[in-house]
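Q: Below is one structure. I have some questions about it.
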Amino acid sequence: MTPTPSDLPEAAKRRLSQGAFTSGLSVSDFAACLEMGLEPLGLVQGFCAMQWTTFGSFGRGVTPFAGSSSGYVENYQCPHGMISSEHRMWGQNYEQTWIENSWRDGFNSAYSRMLEEAGTLGAHGVVGLIDSEGPLSDVGVVEFHLSGTAVRVLDAPAPHHVWSTYLAGQRLAKIFEAGYAPVSVVSSVASVRVLSSCITEYLMGGTGAMWSVNAETTEIEQIVSAQNESRAIARSFVRAQLHGDALHGASMTGLTREFAQGDLEIQSRLSGNRIRRFKDFDPLTAPRPTVRLS
């Protein structure tokens, strides 16, 4: 390590002698953490790469009514009878539990590695957590990446477990002000496969007016049902992770992928902050003015 030059001001020598650290916080979030008594220790990260298979499109002559081994399944029968060999005689929505389990394993592995790295720094928690996922290759490999800033609560004993939150800065300060403390981030994915029935296929192709009562507007019931069930499953997964605590800052995102005509996958992801009340509402002290106009 390069020795500190002797001709520097005393304040500069003191800063250099304390060493350096990394942080993923913005300037305002960093200042707010210091004001709350949180000492940033360093940027921590966790990675995981998972490989799983998404089954391709089924042939029209294959009956899929075995469906999912567990979870949501809904079948749709053709109301027209036998029209031609290419006519869809069935349709089905079913939950892809193996994708949900693989996603959960990948996210939890990256998350636990991030917390383990924070623990080696002596951190009490991780704030400003950011998570992302994306394809690592074209062969079904998905990479999970989580990062955040490890912090230590000044003059406080170490907790039994490192806590985490997507929040930082003033948003985190408001949680403390309301009497809540972060416990962990929670996130889940639900995956529903849609094998279109004949009516759904016609409506999705824009040629289904003849099958509807109202020729101008028609609700595509199979797609609506799949979207609703996907969101309900994601909510149930997150609710199971709360263990009686509250969910704050929830965010629901959706993804639809089309493998072939009439063959869709609908994914819903719900993320948020698990928080727990530890005191009654206690307003923070008024901020001190730093700029005067006169």
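Letters A, B, ... mark the chains of the structure tokens in the order given; residue numbers begin at 1 per chain; ligand numbers begin at 1, in order shown.
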Quick one: everything within 7 Å of Ser147 of chain A, counting only C-alpha atoms, minus sequence neighbours fewer than 3 positions away in the same chain. Send it as a list in words.

A: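 Counting only C-alpha atoms, the residues come to Val44, Gln45, Gly46, Met114, Leu129, Ile130 and Asp131 of chain A.
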
Q: Using DSSP on the backbone, list every residue of segment 86-241 of chain A that comes out as helix (DSSP H, G or I), and give them as an NGL selection string.

A: :A and (97-120 or 169-177 or 198-204 or 209-211 or 221-241)

Q: For Glu117 of chain A, work out the shell of residues within 12 Å, counting only C-alpha atoms and skipping chain neighbours fewer than 3 positions away, then give it as a PyMOL selection string.

A: chain A and resi 41-47+110-114+120-126+146-151+162

Q: List the neighbours of Leu154 of chain A out to 9 Å using only C-alpha atoms; skip same-chain residues closer than 4 positions along the sequence, and give me the result as a PyMOL selection string.

A: chain A and resi 37-39

Q: Sort by chain and increasing residue number a table of all residues of segment 78-160 of chain A within 10 Å of segment 257-280 of chain A, each with its closest pair of atoms and their distance in Å to one decimal, counting only C-alpha atoms, and write it as JSON lines.

A:
```
{"residue": "A:Arg88", "atom": "CA", "partner": "A:Gly262", "partner_atom": "CA", "distance": 9.8}
{"residue": "A:Gly91", "atom": "CA", "partner": "A:Gly262", "partner_atom": "CA", "distance": 9.3}
{"residue": "A:Gln92", "atom": "CA", "partner": "A:Asp263", "partner_atom": "CA", "distance": 9.9}
{"residue": "A:Asn93", "atom": "CA", "partner": "A:Glu265", "partner_atom": "CA", "distance": 9.5}
{"residue": "A:Tyr94", "atom": "CA", "partner": "A:Glu265", "partner_atom": "CA", "distance": 9.7}
{"residue": "A:Glu95", "atom": "CA", "partner": "A:Ile266", "partner_atom": "CA", "distance": 9.6}
{"residue": "A:Gln96", "atom": "CA", "partner": "A:Glu265", "partner_atom": "CA", "distance": 9.1}
{"residue": "A:Ile99", "atom": "CA", "partner": "A:Gln267", "partner_atom": "CA", "distance": 9.9}
{"residue": "A:Glu100", "atom": "CA", "partner": "A:Gln267", "partner_atom": "CA", "distance": 9.4}
```

Q: Output C-alpha atoms of each residue in that selection to a file, as a PDB file, in the first residue's frame.

A:
```
ATOM      1  CA  ARG A  88     -58.242 -27.431 -32.250  1.00  0.00           C
ATOM      2  CA  GLY A  91     -57.437 -25.950 -25.053  1.00  0.00           C
ATOM      3  CA  GLN A  92     -55.757 -25.798 -21.672  1.00  0.00           C
ATOM      4  CA  ASN A  93     -54.167 -23.480 -19.117  1.00  0.00           C
ATOM      5  CA  TYR A  94     -51.776 -25.128 -16.683  1.00  0.00           C
ATOM      6  CA  GLU A  95     -49.265 -23.985 -14.095  1.00  0.00           C
ATOM      7  CA  GLN A  96     -45.619 -24.741 -14.903  1.00  0.00           C
ATOM      8  CA  ILE A  99     -40.266 -23.260 -13.865  1.00  0.00           C
ATOM      9  CA  GLU A 100     -41.499 -21.624 -10.655  1.00  0.00           C
TER      10      GLU A 100
END
```

Q: For the atom pair atom CA of Gly71 of chain A and atom CA of Asp245 of chain A, what is the interatomic distance in Å to one decimal place?

A: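 Atom CA of Gly71 of chain A sits 25.4 Å away from atom CA of Asp245 of chain A.
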
Q: Would you mind telling me which residue in A:Ile233, A:Leu25, A:Ala49, A:Met36 lies nearest to Thr285 of chain A when using only C-alpha atoms?

A: A:Met36

Q: Skipping near chain neighbours, those fewer than 4 positions away, what residues fall within 12 Å of Asn101 of chain A using only C-alpha atoms, listed as a PyMOL selection string?

A: chain A and resi 50-52+95-97+105-108+188-191+237

Q: So which one's closest to His243 of chain A, A:Leu255, A:Ala168, A:Val183, A:Leu195? Using only C-alpha atoms, please.

A: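 Counting only C-alpha atoms, the residue closest to His243 of chain A is A:Val183.
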
Q: Tell me, in Å to one decimal, how far atom CA of Pro283 of chain A is from atom CA of Val186 of chain A.

A: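 According to the coordinates, atom CA of Pro283 of chain A and atom CA of Val186 of chain A are separated by 27.0 Å.
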
Q: As a ChimeraX atom specification, please: every residue in segment 3-182 of chain A that a backbone DSSP assignment puts in strand (DSSP E).

A: /A:38-51,73-77,90-95,125-135,141-153,163-164,180-182

Q: From the options A:His145, A:Val194, A:Ala240, A:Phe30, which residue's atoms come nearest to Glu133 of chain A, counting only C-alpha atoms?

A: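 Ranking A:His145, A:Val194, A:Ala240, A:Phe30 by distance to Glu133 of chain A, first place goes to A:His145.
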